[in-house]
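Dropping work_17.cif in here (mmCIF, C-alpha atoms and all ligand atoms):
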data_my_file
loop_
_atom_site.label_atom_id
_atom_site.label_comp_id
_atom_site.auth_asym_id
_atom_site.auth_seq_id
_atom_site.Cartn_x
_atom_site.Cartn_y
_atom_site.Cartn_z
CA MET L 18 -19.21 -29.24 -7.12
CA THR L 19 -19.18 -33.01 -6.59
CA ASP L 20 -15.72 -34.23 -5.65
CA THR L 21 -14.18 -31.32 -3.80
CA PRO L 22 -10.60 -32.28 -2.90
CA SER L 23 -10.20 -33.07 0.76
CA ARG L 24 -8.48 -30.44 2.84
CA ALA L 25 -5.87 -31.00 5.46
CA ILE L 26 -6.56 -29.17 8.68
CA GLY L 27 -3.74 -28.00 10.88
CA ARG L 28 -0.92 -29.24 8.70
CA LYS L 29 2.35 -28.16 10.27
CA SER L 30 4.65 -28.06 7.30
CA ILE L 31 4.24 -28.14 3.57
CA SER L 32 6.08 -30.32 1.16
CA ALA L 33 7.01 -29.47 -2.39
CA THR L 34 5.16 -32.53 -3.64
CA LEU L 35 1.79 -31.09 -2.72
CA LYS L 36 -0.37 -29.69 -5.49
CA PRO L 37 -1.25 -25.99 -5.18
CA ARG L 38 -4.91 -26.93 -4.65
CA GLU L 39 -3.91 -28.93 -1.58
CA LEU L 40 -1.96 -26.05 -0.15
CA MET L 41 -5.14 -24.09 0.44
CA THR L 42 -6.22 -24.90 3.93
CA ASP L 43 -8.70 -23.49 6.37
CA THR L 44 -5.99 -22.68 8.86
CA PRO L 45 -2.99 -20.42 8.30
CA LEU L 46 0.06 -22.50 7.54
CA LEU L 47 2.83 -20.03 7.49
CA ALA L 48 3.07 -17.12 9.83
CA GLY L 49 4.45 -14.16 7.94
CA ALA L 50 3.77 -15.35 4.40
CA TRP L 51 1.75 -12.93 2.27
CA THR L 52 -1.85 -14.12 2.45
CA ALA L 53 -4.73 -13.89 0.01
CA GLN L 54 -8.08 -14.58 1.66
CA ILE L 55 -10.91 -15.14 -0.78
CA ILE L 56 -14.57 -15.07 0.20
CA THR L 57 -16.45 -16.79 -2.62
CA LEU L 58 -19.31 -19.05 -3.64
CA PHE L 59 -16.81 -20.95 -5.79
CA PRO L 60 -13.75 -21.91 -3.73
CA GLN L 61 -13.00 -24.66 -6.26
CA ALA L 62 -12.12 -21.92 -8.77
CA PHE L 63 -8.89 -21.38 -6.78
CA PRO L 64 -5.98 -21.41 -7.17
CA GLY L 65 -6.93 -21.67 -10.86
CA ALA L 66 -4.32 -19.99 -13.02
CA LEU L 67 -2.48 -18.93 -9.85
CA GLY L 68 -1.46 -22.58 -9.36
CA GLU L 69 0.62 -22.51 -12.57
CA SER L 70 4.15 -21.39 -13.36
CA LEU L 71 5.82 -18.77 -11.16
CA THR L 72 2.86 -18.01 -8.88
CA GLY L 73 2.17 -21.74 -8.47
CA ARG L 74 5.76 -22.51 -7.58
CA ALA L 75 5.82 -19.61 -5.12
CA LEU L 76 2.63 -20.97 -3.53
CA GLN L 77 4.25 -24.39 -3.18
CA ASP L 78 7.39 -22.81 -1.76
CA GLY L 79 5.34 -20.94 0.85
CA LEU L 80 6.24 -17.45 -0.42
CA TRP L 81 2.54 -16.69 -0.24
CA GLN L 82 -0.59 -18.56 0.86
CA LEU L 83 -4.19 -18.76 -0.18
CA GLN L 84 -7.24 -19.28 2.04
CA THR L 85 -10.74 -19.60 0.65
CA TYR L 86 -13.92 -18.96 2.64
CA ASP L 87 -17.01 -20.62 1.26
CA LEU L 88 -20.03 -18.33 1.34
CA ARG L 89 -22.31 -21.35 0.97
CA ALA L 90 -21.14 -22.68 4.34
CA HIS L 91 -22.80 -19.66 5.94
CA GLY L 92 -26.03 -19.99 3.93
CA ILE L 93 -29.42 -19.90 5.63
CA GLY L 94 -31.59 -22.95 6.27
CA LYS L 95 -31.65 -26.39 4.76
CA HIS L 96 -30.89 -25.04 1.30
CA ARG L 97 -28.09 -22.82 2.53
CA ASN L 98 -29.51 -19.79 0.76
CA VAL L 99 -27.01 -16.99 0.26
CA ASP L 100 -29.05 -14.57 -1.83
CA ASP L 101 -32.51 -13.08 -2.17
CA THR L 102 -34.47 -10.76 -4.41
CA PRO L 103 -33.54 -7.05 -4.46
CA ALA L 104 -35.50 -4.80 -2.13
CA GLY L 105 -37.62 -2.50 -4.27
CA GLY L 106 -37.82 -5.05 -7.07
CA GLY L 107 -35.82 -5.54 -10.22
CA ALA L 108 -33.83 -8.25 -11.92
CA GLY L 109 -31.51 -10.77 -10.34
CA MET L 110 -30.50 -11.65 -6.82
CA VAL L 111 -28.45 -9.93 -4.13
CA LEU L 112 -26.06 -11.60 -1.68
CA ARG L 113 -27.52 -11.39 1.85
CA ALA L 114 -25.90 -9.14 4.45
CA ASP L 115 -26.08 -11.70 7.27
CA VAL L 116 -24.47 -14.43 5.16
CA LEU L 117 -21.70 -12.08 4.03
CA GLU L 118 -21.15 -10.91 7.60
CA ALA L 119 -20.56 -14.45 8.86
CA ALA L 120 -18.05 -15.18 6.08
CA ILE L 121 -16.25 -11.86 6.55
CA LEU L 122 -15.97 -12.38 10.31
CA GLU L 123 -14.60 -15.88 9.74
CA ALA L 124 -11.94 -14.58 7.36
CA ARG L 125 -11.02 -11.56 9.47
CA SER L 126 -10.65 -13.70 12.61
CA THR L 127 -7.61 -15.35 11.02
CA ALA L 128 -6.25 -12.25 9.25
CA LYS L 129 -2.85 -11.19 10.56
CA GLY L 130 -1.18 -7.80 10.32
CA ILE L 131 -2.32 -5.24 7.76
CA MET L 132 -4.76 -6.77 5.29
CA PRO L 133 -7.25 -4.51 3.52
CA LEU L 134 -10.80 -5.76 3.09
CA VAL L 135 -11.79 -5.36 -0.55
CA TYR L 136 -14.98 -5.97 -2.52
CA LEU L 137 -14.37 -6.68 -6.20
CA SER L 138 -16.78 -4.42 -8.00
CA PRO L 139 -17.16 -2.59 -11.31
CA ARG L 140 -18.00 0.52 -9.24
CA GLY L 141 -14.62 0.48 -7.51
CA ARG L 142 -11.37 2.31 -8.05
CA ARG L 143 -9.56 0.75 -10.96
CA PHE L 144 -6.80 -1.70 -10.04
CA ASP L 145 -3.34 -0.74 -11.32
CA GLN L 146 0.35 -1.46 -10.82
CA THR L 147 0.59 1.07 -7.97
CA MET L 148 -2.17 -0.74 -6.08
CA ALA L 149 -0.43 -4.08 -6.68
CA ARG L 150 2.77 -2.60 -5.29
CA ASN L 151 0.95 -1.32 -2.20
CA TRP L 152 -0.75 -4.65 -1.57
CA ALA L 153 2.58 -6.46 -1.94
CA ARG L 154 3.97 -4.32 0.90
CA MET L 155 1.15 -5.37 3.25
CA ASP L 156 0.63 -8.73 4.97
CA GLY L 157 -2.06 -9.78 2.51
CA VAL L 158 -5.54 -8.91 1.37
CA THR L 159 -9.09 -10.16 1.96
CA LEU L 160 -11.07 -10.22 -1.29
CA LEU L 161 -14.85 -10.54 -1.35
CA CYS L 162 -16.09 -11.95 -4.66
CA GLY L 163 -19.62 -10.94 -5.56
CA ARG L 164 -22.05 -12.84 -7.79
CA PHE L 165 -25.47 -12.10 -9.28
CA GLU L 166 -26.36 -8.40 -8.80
CA GLY L 167 -23.74 -8.01 -6.09
CA VAL L 168 -23.85 -7.54 -2.33
CA ASP L 169 -26.19 -5.80 0.12
CA GLU L 170 -24.86 -2.23 0.37
CA ARG L 171 -25.07 -2.23 4.18
CA VAL L 172 -22.20 -4.72 4.37
CA ILE L 173 -19.94 -2.34 2.46
CA ASP L 174 -20.83 0.52 4.83
CA HIS L 175 -20.70 -1.53 8.03
CA PHE L 176 -17.24 -3.01 7.45
CA GLY L 177 -15.84 0.03 5.65
CA ILE L 178 -15.03 -2.14 2.63
CA THR L 179 -12.98 -0.68 -0.24
CA GLU L 180 -14.36 -1.39 -3.72
CA VAL L 181 -11.79 -2.21 -6.41
CA SER L 182 -12.50 -2.84 -10.10
CA LEU L 183 -10.53 -4.83 -12.65
CA GLY L 184 -11.69 -2.47 -15.39
CA ASP L 185 -14.66 -0.80 -17.01
CA PHE L 186 -16.59 -3.92 -17.90
CA VAL L 187 -18.91 -6.27 -16.02
CA LEU L 188 -17.91 -9.84 -15.10
CA THR L 189 -20.37 -12.44 -13.81
CA GLY L 190 -18.39 -12.82 -10.61
CA GLY L 191 -15.40 -11.50 -8.70
CA GLU L 192 -13.29 -14.68 -8.94
CA ILE L 193 -11.47 -13.87 -12.19
CA ALA L 194 -10.83 -10.32 -11.02
CA ALA L 195 -9.45 -11.68 -7.74
CA GLN L 196 -7.08 -14.00 -9.57
CA ALA L 197 -5.86 -11.21 -11.83
CA MET L 198 -5.16 -8.89 -8.89
CA ILE L 199 -3.48 -11.59 -6.81
CA ASP L 200 -1.30 -12.55 -9.77
CA ALA L 201 -0.18 -8.95 -10.30
CA THR L 202 0.58 -8.61 -6.57
CA VAL L 203 2.25 -11.95 -5.86
CA ARG L 204 4.79 -11.56 -8.67
CA LEU L 205 6.06 -8.44 -6.88
CA LEU L 206 6.77 -10.34 -3.65
CA PRO L 207 10.48 -10.94 -2.96
CA GLY L 208 11.70 -14.21 -4.47
CA VAL L 209 8.71 -14.90 -6.72
CA LEU L 210 10.26 -13.75 -10.01
CA GLY L 211 13.62 -15.21 -10.89
CA ASN L 212 16.43 -12.99 -12.16
CA ALA L 213 15.30 -13.64 -15.70
CA GLU L 214 11.85 -12.17 -15.09
CA SER L 215 12.71 -8.80 -13.65
CA ALA L 216 9.83 -6.59 -12.58
CA VAL L 217 12.05 -3.53 -12.72
CA GLU L 218 12.02 -2.77 -16.44
CA GLU L 219 8.63 -4.03 -17.53
CA SER L 220 5.50 -2.15 -18.58
CA HIS L 221 3.98 0.12 -15.93
CA SER L 222 6.94 -0.09 -13.57
CA GLY L 223 8.63 3.16 -14.59
CA GLY L 224 5.64 4.88 -16.16
CA LEU L 225 6.42 3.57 -19.66
CA LEU L 226 5.21 0.56 -21.66
CA GLU L 227 7.76 -2.08 -22.52
CA HIS L 228 9.90 -2.06 -25.67
CA PRO L 229 9.41 -4.86 -28.27
CA GLN L 230 11.01 -8.24 -27.55
CA TYR L 231 12.53 -10.69 -30.06
CA THR L 232 14.05 -14.16 -29.99
CA LYS L 233 15.20 -16.86 -32.41
CA PRO L 234 15.04 -17.41 -35.33
CA ALA L 235 17.06 -14.36 -36.41
CA LEU L 236 15.12 -14.21 -39.67
CA TRP L 237 11.45 -15.19 -39.73
CA GLN L 238 8.96 -14.72 -42.59
CA GLY L 239 11.45 -12.35 -44.17
CA ARG L 240 11.54 -10.25 -40.99
CA PRO L 241 14.95 -9.80 -39.33
CA ILE L 242 15.49 -8.95 -35.67
CA PRO L 243 16.46 -5.23 -35.41
CA GLU L 244 20.18 -5.00 -36.05
CA VAL L 245 21.01 -3.06 -32.91
CA LEU L 246 19.87 -6.02 -30.76
CA MET L 247 22.40 -8.26 -32.51
CA SER L 248 25.25 -5.73 -32.11
CA GLY L 249 26.34 -6.73 -28.60
CA ASN L 250 26.67 -3.02 -27.77
CA HIS L 251 24.83 -2.83 -24.44
CA ALA L 252 24.72 0.96 -24.21
CA LYS L 253 23.26 1.20 -27.71
CA ILE L 254 20.75 -1.56 -26.96
CA ALA L 255 19.62 0.19 -23.76
CA ALA L 256 19.21 3.49 -25.63
CA TRP L 257 17.21 1.80 -28.41
CA ARG L 258 14.93 0.05 -25.92
CA ARG L 259 14.35 3.28 -24.04
CA ALA L 260 13.51 5.13 -27.28
CA MET L 261 11.09 2.38 -28.32
CA SER L 262 9.43 2.40 -24.89
CA GLU L 263 8.91 6.13 -25.17
CA GLN L 264 7.61 5.91 -28.74
CA ILE L 265 5.14 3.11 -27.96
CA THR L 266 3.90 4.84 -24.81
CA ALA L 267 3.42 8.16 -26.61
CA GLN L 268 1.55 6.48 -29.48
CA ARG L 269 -0.66 4.10 -27.52
CA ARG L 270 -1.20 5.76 -24.18
CA PRO L 271 -1.20 9.54 -24.31
CA ASP L 272 -2.42 9.53 -20.69
CA LEU L 273 0.64 7.61 -19.43
CA TRP L 274 2.92 9.67 -21.66
CA ALA L 275 1.63 12.95 -20.27
CA ALA L 276 2.06 11.72 -16.69
CA TYR L 277 5.58 10.51 -17.49
CA LYS L 278 6.58 13.83 -19.05
CA ALA L 279 5.13 15.75 -16.13
CA LYS L 280 7.14 13.66 -13.68
CA ASP L 281 10.29 14.17 -15.77
CA ALA L 282 9.81 17.93 -15.66
CA THR L 283 9.80 18.13 -11.86
N1 LIG P 301 -24.93 -5.29 -10.63
C1 LIG P 301 -23.55 -4.97 -10.49
C2 LIG P 301 -22.68 -5.95 -11.24
C3 LIG P 301 -22.69 -7.32 -10.66
S1 LIG P 301 -21.62 -8.39 -11.50
C4 LIG P 301 -23.29 -3.57 -11.03
O1 LIG P 301 -23.93 -3.18 -12.00
O2 LIG P 301 -22.39 -2.87 -10.53
C5 LIG P 301 -21.40 -9.67 -10.32
C6 LIG P 301 -20.12 -9.60 -9.50
O3 LIG P 301 -19.02 -9.70 -10.37
C7 LIG P 301 -19.92 -8.35 -8.71
O4 LIG P 301 -20.54 -8.43 -7.46
C8 LIG P 301 -18.41 -8.25 -8.60
O5 LIG P 301 -17.92 -8.94 -7.46
C9 LIG P 301 -17.92 -8.97 -9.84
N2 LIG P 301 -17.47 -8.03 -10.88
C10 LIG P 301 -18.13 -7.69 -12.00
N3 LIG P 301 -17.44 -6.81 -12.74
C11 LIG P 301 -16.30 -6.57 -12.08
C12 LIG P 301 -15.16 -5.74 -12.33
N4 LIG P 301 -15.08 -4.97 -13.42
N5 LIG P 301 -14.17 -5.74 -11.42
C13 LIG P 301 -14.23 -6.51 -10.31
N6 LIG P 301 -15.28 -7.31 -10.02
C14 LIG P 301 -16.30 -7.35 -10.89
#

Output the structure of this file as structure tokens.
Amino acid sequence: MTDTPSRAIGRKSISATLKPRELMTDTPLLAGAWTAQIITLFPQAFPGALGESLTGRALQDGLWQLQTYDLRAHGIGKHRNVDDTPAGGGAGMVLRADVLEAAILEARSTAKGIMPLVYLSPRGRRFDQTMARNWARMDGVTLLCGRFEGVDERVIDHFGITEVSLGDFVLTGGEIAAQAMIDATVRLLPGVLGNAESAVEESHSGGLLEHPQYTKPALWQGRPIPEVLMSGNHAKIAAWRRAMSEQITAQRRPDLWAAYKAKDAT
């Protein structure tokens, strides 16, 4: 936490030469751009992987923006304490309600339009493609990243916070979960994926998992690319891909397969 990059305040326009890290400012840059607000003890963890490749380019191009809110800045006293021992005893530390409140109010004061307030939590509803699609239709999202044993429950009740989980496992903090969810959402925003990376036919978009993909060389380790893909017959290729999608989904994810069949029947 030594040399935190300096932040520009009140920058009017962004240039493509800026690094994604420098595009994260304390003030909104672009009215109307989809906005991820992150409340965290580790703002330097952002944009992280989101600064690379398609999401990074989209951040530079202003298709979305990222604002971090440092919990430490709202800490109590000389040592800027943000946590304390759990009431009733037990292991670990809990993030203080008053500290969280100050950070949440700071973030919400700059939130524009419809932006759900979400606490990343293993107790939450599991994140999925449908949730990513819903978030992409909104103006952004405010994500509260917990650490230690989590947050004081009263904050969740007071602000009516929705809890969302990345999956049935426990992380040490919400930052990686936040990046995963933002990545899944941002790539659905108009203009983020090029034509080559269509979100229309991939896994989880139509209720099926994706078919296998191949590229050069045509023969590798004695394994050829399936002949149909080399045939140039687009109708046959589409039918093969569809059949493979169905087969893989049925084999690997009986739950998705059942839902898909039920939808087909109606
Ligand atoms: N004591 C808590 C876990 C705390 S883990 C419990 O048993 O429920 C510390 C922080 O990591 C949490 O506050 C949360 O923000 C984040 N986290 C852990 N697992 C997560 C998951 N599966 N999804 C999203 N966030 C998670």

(message) Could you tell me how far atom CA of Gly130 of chain L sits from atom CA of Ser182 of chain L, in Å to one decimal place?
(response)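 Answer for the atom CA of Ser182 of chain L to atom CA of Gly130 of chain L separation: 23.9 Å.
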
(message) Under the rule that all atoms listed in the file are counted, which of L:Leu226, L:Pro234, L:Ile193, L:Arg125 is the nearest residue to Pro271 of chain L?
(response)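 Nearest candidate to Pro271 of chain L out of L:Leu226, L:Pro234, L:Ile193, L:Arg125: L:Leu226.
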
(message) Can you pull out every residue with an atom within 10 Å of ligand LIG 301 (chain P)? Use all atoms listed in the file and format it as a ChimeraX atom specification.
(response) /L:57,108-112,135-144,160-169,180-195,197-198

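Pairwise distance (atom CA of Ala75 of chain L, atom CA of Gly224 of chain L) equals 26.9 Å.
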
(message) To one decimal place in Å, what is the distance between atom CA of Glu218 of chain L and atom CA of Ala53 of chain L?
(response)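 Separation of atom CA of Glu218 of chain L and atom CA of Ala53 of chain L: 26.0 Å.
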
(message) When you count only C-alpha atoms, which of these residues is closest to Gln77 of chain L: L:Arg89, L:Pro64, L:Lys95, L:Trp274?
(response)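 With only C-alpha atoms as the atom set, the closest residue is L:Pro64.
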
(message) Given all atoms listed in the file as the basis, pick out the residue of L:Leu117, L:Ile178, L:Ala104, L:Ala235 nearest to His91 of chain L.
(response)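 Closest to His91 of chain L, using all atoms listed in the file: L:Leu117.
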
(request) Mind checking which residues fall within 12 Å of Asp87 of chain L, counting only C-alpha atoms, ignoring those fewer than 2 positions away in the same chain, and posting them as a list of chain:residue names? (result)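 Once the adjacent positions are removed, what remains is L:Thr42, L:Asp43, L:Gln54, L:Ile55, L:Ile56, L:Thr57, L:Leu58, L:Phe59, L:Pro60, L:Gln61, L:Ala62, L:Phe63, L:Gln84, L:Thr85, L:Arg89, L:Ala90, L:His91, L:Gly92, L:Arg97, L:Val99, L:Val116, L:Leu117, L:Ala119, L:Ala120, L:Ile121, L:Glu123, L:Ala124, L:Leu161, L:Cys162.
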
(request) Considering all atoms listed in the file, state which residue in the set L:Asn250, L:Thr232, L:Ser222, L:Ser262 is at the smallest distance from Asp145 of chain L. (result)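 Looking only at the distances to Asp145 of chain L, the closest residue turns out to be L:Ser222.
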
(message) Tell me which residues come within 12 Å of (4.4, -11.0, -6.9), as a ChimeraX atom specification, counting all atoms listed in the file in the file's coordinates.
(response) /L:51-53,67,71-76,80-82,146,149-154,157,197-211,214-216

(message) Here is a test: counting only C-alpha atoms, which residue of L:Ala252, L:Ile242, L:Ala260, L:Leu83 is nearest to His228 of chain L?
(response)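 Looking at the shortest contact to His228 of chain L, the residue is L:Ala260.
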
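Closest approach to Trp257 of chain L among L:Pro241, L:Ala282, L:Ala128, L:Glu227 is made by L:Glu227 (distances from only C-alpha atoms).
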
(request) Just the residues within 7 Å of Ile131 of chain L, please, counting all atoms listed in the file, with nothing from its chain fewer than 2 positions along; format it as a list of chain:residue names. (result)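 Near neighbours after the sequence-gap exclusion: L:Lys129, L:Pro133, L:Met155, L:Asp156, L:Gly157.
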